[in-house]
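Asker: Before anything else, here's the structure in question.
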Amino acid sequence: MTAERLRPAVRGLMIDPLDRVLLAHLRFADGFDGWVLPGGGMEEGEDERQALIRELTEETGAPEIFVGPPLWHRTTLFAPREGGTFNGQHNTTFLVPCHEFEPAPAMSAEELAEEGMVGVRWWTVSEIADAEKADRDSIRPIGLAELVERVLEHGAPAEPWDLGTFGTRRTI
């Protein structure tokens, strides 16, 4: 069995005043084509908050980013991509309350596509739930609608939830 080589990563649960959630559309050659919370891997020397602000600026163009408390941890396993050294990542997701804004990523469409990102848009919780019912694997993490509802109803947990490990070395 291969040892896990996990990249530390951060994601943001961006919620606007209309309780909409911003999701990024990812498409990879290994077959994954779905929606995830924006964010990504941490770079050398960054702390979690610095990395999340950088990632959200690159992917969403949010004009002001307030990073709230951590909400959950989740490990994702996947096959290393060409030239990649990691076979998974350990994500910490933070609450990012924000004003309504039109997503305008700082990275070019070509740069985003190199990272597998092909779009970004706002979703209502009911749209997320409907997409999850239609195709369980179309939105990650699985059960996102329920997680968002819990956060909207109760706020951030006192301690981040552990969502466990998802995937195999063949999926994201």
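Letters A, B, ... go to the chains of the structure tokens in the order shown; residues in each chain start at 1; ligands are counted from 1 in the same order.
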Considering only C-alpha atoms, return as a ChimeraX atom specification whatever protein or nucleic-acid residues lie within 7 Å of range 36-49 of chain A, sequence-local ones (same chain, fewer than 6 positions apart) excluded.
Answerer: /A:7-13,22-25,55-56,59,67,139-140
Asker: Could you please take those selected residues and save N, CA and C atoms as a compact mmCIF listing (two decimals), in the first residue's frame?
Answerer:
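Done, and the output landed in out00.txt:
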# COMPACT_ATOMS: atom_id res chain seq x y z
N ARG A 7 -1.43 16.98 0.69
CA ARG A 7 -1.14 18.40 0.57
C ARG A 7 -2.08 19.15 1.53
N PRO A 8 -1.57 20.07 2.33
CA PRO A 8 -2.48 20.88 3.15
C PRO A 8 -3.22 21.86 2.24
N ALA A 9 -4.53 21.97 2.44
CA ALA A 9 -5.36 22.82 1.59
C ALA A 9 -6.43 23.51 2.43
N VAL A 10 -6.97 24.59 1.87
CA VAL A 10 -8.01 25.37 2.53
C VAL A 10 -9.14 25.62 1.54
N ARG A 11 -10.35 25.70 2.08
CA ARG A 11 -11.53 26.00 1.26
C ARG A 11 -12.38 27.01 2.03
N GLY A 12 -13.17 27.77 1.28
CA GLY A 12 -14.02 28.78 1.91
C GLY A 12 -15.49 28.53 1.62
N LEU A 13 -16.28 28.47 2.68
CA LEU A 13 -17.73 28.42 2.53
C LEU A 13 -18.17 29.88 2.48
N LEU A 22 -21.04 30.25 -2.92
CA LEU A 22 -20.25 30.31 -4.15
C LEU A 22 -19.52 28.99 -4.33
N LEU A 23 -19.72 28.37 -5.50
CA LEU A 23 -19.06 27.10 -5.81
C LEU A 23 -18.24 27.24 -7.08
N ALA A 24 -17.15 26.49 -7.13
CA ALA A 24 -16.27 26.44 -8.30
C ALA A 24 -16.51 25.14 -9.05
N HIS A 25 -16.57 25.23 -10.37
CA HIS A 25 -16.77 24.06 -11.24
C HIS A 25 -15.40 23.53 -11.64
N GLU A 55 -6.18 32.14 -2.45
CA GLU A 55 -6.98 31.25 -3.31
C GLU A 55 -8.31 31.88 -3.71
N LEU A 56 -9.00 32.49 -2.75
CA LEU A 56 -10.31 33.09 -3.06
C LEU A 56 -10.17 34.30 -3.98
N GLU A 59 -9.48 32.74 -7.49
CA GLU A 59 -10.58 31.99 -8.08
C GLU A 59 -11.90 32.73 -8.16
N VAL A 67 -12.07 36.03 6.69
CA VAL A 67 -11.99 34.60 6.99
C VAL A 67 -12.46 34.39 8.41
N ILE A 139 -21.53 17.41 -6.43
CA ILE A 139 -21.16 18.47 -5.49
C ILE A 139 -20.34 17.83 -4.38
N ARG A 140 -19.22 18.48 -4.04
CA ARG A 140 -18.39 18.00 -2.95
C ARG A 140 -18.17 19.10 -1.94
Asker: Please list as a list of chain:residue names every residue within 8 Å of Glu100 in chain A, counting only C-alpha atoms and excluding residues in the same chain fewer than 4 positions away.
Answerer: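 Near Glu100 in chain A, the qualifying residues are A:Asp16, A:Pro17, A:Leu18.
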Asker: For Leu71 in chain A, list every protein, DNA or RNA residue within 10 Å, evaluated using only C-alpha atoms, and leave out those in the same chain fewer than 4 positions away; present the list as a list in words.
Answerer: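 Surrounding residues, per the criterion: Arg11, Gly12, Leu13, Thr92, Thr93, Phe94, Leu95, Leu147, Val151, Gly155, Ala156, Pro157, Ala158, Glu159, Pro160, Trp161 and Asp162 of chain A.
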Asker: Using N, CA and C atoms, can you export the residues from the last selection as a JSON list (two decimals), in the first residue's frame?
Answerer:
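Saved file result_22.json follows:
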[["chain", "number", "residue", "atom", "x", "y", "z"],
["A", 11, "ARG", "N", -10.35, 25.70, 2.08],
["A", 11, "ARG", "CA", -11.53, 26.00, 1.26],
["A", 11, "ARG", "C", -12.38, 27.01, 2.03],
["A", 12, "GLY", "N", -13.17, 27.77, 1.28],
["A", 12, "GLY", "CA", -14.02, 28.78, 1.91],
["A", 12, "GLY", "C", -15.49, 28.53, 1.62],
["A", 13, "LEU", "N", -16.28, 28.47, 2.68],
["A", 13, "LEU", "CA", -17.73, 28.42, 2.53],
["A", 13, "LEU", "C", -18.17, 29.88, 2.48],
["A", 92, "THR", "N", -9.11, 22.11, 5.18],
["A", 92, "THR", "CA", -9.79, 22.78, 6.28],
["A", 92, "THR", "C", -10.70, 23.81, 5.64],
["A", 93, "THR", "N", -11.99, 23.75, 5.94],
["A", 93, "THR", "CA", -12.96, 24.68, 5.38],
["A", 93, "THR", "C", -13.32, 25.72, 6.42],
["A", 94, "PHE", "N", -13.25, 27.00, 5.99],
["A", 94, "PHE", "CA", -13.55, 28.14, 6.86],
["A", 94, "PHE", "C", -14.84, 28.82, 6.41],
["A", 95, "LEU", "N", -15.54, 29.41, 7.37],
["A", 95, "LEU", "CA", -16.69, 30.25, 7.06],
["A", 95, "LEU", "C", -16.17, 31.58, 6.51],
["A", 147, "LEU", "N", -24.79, 20.52, 5.41],
["A", 147, "LEU", "CA", -23.77, 21.22, 6.17],
["A", 147, "LEU", "C", -24.04, 22.73, 6.18],
["A", 151, "VAL", "N", -24.85, 25.30, 9.37],
["A", 151, "VAL", "CA", -24.11, 26.53, 9.64],
["A", 151, "VAL", "C", -25.06, 27.72, 9.67],
["A", 155, "GLY", "N", -24.70, 28.50, 13.24],
["A", 155, "GLY", "CA", -23.40, 29.16, 13.20],
["A", 155, "GLY", "C", -22.27, 28.15, 13.15],
["A", 156, "ALA", "N", -21.07, 28.64, 13.30],
["A", 156, "ALA", "CA", -19.89, 27.77, 13.26],
["A", 156, "ALA", "C", -19.84, 26.90, 14.51],
["A", 157, "PRO", "N", -19.35, 25.67, 14.37],
["A", 157, "PRO", "CA", -19.23, 24.80, 15.54],
["A", 157, "PRO", "C", -18.10, 25.29, 16.47],
["A", 158, "ALA", "N", -18.18, 24.91, 17.74],
["A", 158, "ALA", "CA", -17.14, 25.26, 18.70],
["A", 158, "ALA", "C", -15.80, 24.65, 18.28],
["A", 159, "GLU", "N", -15.84, 23.44, 17.76],
["A", 159, "GLU", "CA", -14.67, 22.74, 17.22],
["A", 159, "GLU", "C", -15.03, 22.28, 15.82],
["A", 160, "PRO", "N", -14.09, 22.37, 14.87],
["A", 160, "PRO", "CA", -14.42, 21.94, 13.50],
["A", 160, "PRO", "C", -14.87, 20.48, 13.46],
["A", 161, "TRP", "N", -15.87, 20.22, 12.61],
["A", 161, "TRP", "CA", -16.34, 18.86, 12.40],
["A", 161, "TRP", "C", -15.30, 18.09, 11.61],
["A", 162, "ASP", "N", -15.20, 16.78, 11.86],
["A", 162, "ASP", "CA", -14.34, 15.91, 11.08],
["A", 162, "ASP", "C", -15.22, 15.15, 10.10]]
Asker: Residues within 12 Å of Asp137 in chain A, please, as a JSON list (two decimals) with C-alpha atoms, in the first residue's frame. Count only C-alpha atoms; anything in the same chain fewer than 2 positions from it doesn't count.
Answerer:
[["chain", "number", "residue", "atom", "x", "y", "z"],
["A", 31, "GLY", "CA", -13.34, 11.98, -14.99],
["A", 32, "PHE", "CA", -14.28, 14.29, -12.14],
["A", 33, "ASP", "CA", -16.68, 16.98, -13.31],
["A", 34, "GLY", "CA", -18.41, 18.72, -10.42],
["A", 35, "TRP", "CA", -18.73, 21.65, -8.06],
["A", 36, "VAL", "CA", -16.66, 22.33, -4.95],
["A", 128, "ILE", "CA", -27.32, 22.42, -4.05],
["A", 129, "ALA", "CA", -29.76, 19.92, -2.51],
["A", 131, "ALA", "CA", -28.10, 18.77, -7.60],
["A", 132, "GLU", "CA", -27.08, 16.33, -4.85],
["A", 133, "LYS", "CA", -30.33, 14.38, -5.32],
["A", 134, "ALA", "CA", -29.90, 14.26, -9.10],
["A", 135, "ASP", "CA", -26.24, 13.19, -8.97],
["A", 139, "ILE", "CA", -21.16, 18.47, -5.49],
["A", 140, "ARG", "CA", -18.39, 18.00, -2.95],
["A", 141, "PRO", "CA", -18.30, 17.50, -0.11],
["A", 142, "ILE", "CA", -21.18, 15.08, -0.30],
["A", 143, "GLY", "CA", -23.98, 16.42, 1.90],
["A", 144, "LEU", "CA", -22.97, 20.06, 1.40],
["A", 166, "PHE", "CA", -13.29, 10.61, 0.83],
["A", 167, "GLY", "CA", -12.19, 9.13, -2.46],
["A", 171, "THR", "CA", -11.04, 10.19, -7.83],
["A", 172, "ILE", "CA", -10.95, 13.67, -6.41]]
Asker: Taking into account only C-alpha atoms, which residue in the set A:Thr57, A:Ser138, A:Ser126, A:Thr76 is nearest to Pro105 in chain A?
Answerer: A:Thr57
Asker: Closest to Leu26 in chain A among A:Leu163, A:Ala145, A:Ala106, A:Ala113, using only C-alpha atoms?
Answerer: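 The answer is A:Ala113, which sits nearest to Leu26 in chain A.
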Asker: From the set A:Leu6, A:Ala29, A:Ala62, A:Val148, which residue has the shortest atom-to-atom contact distance to Gly116 in chain A, counting only C-alpha atoms?
Answerer: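 Selected residue with least distance to Gly116 in chain A: A:Ala29.
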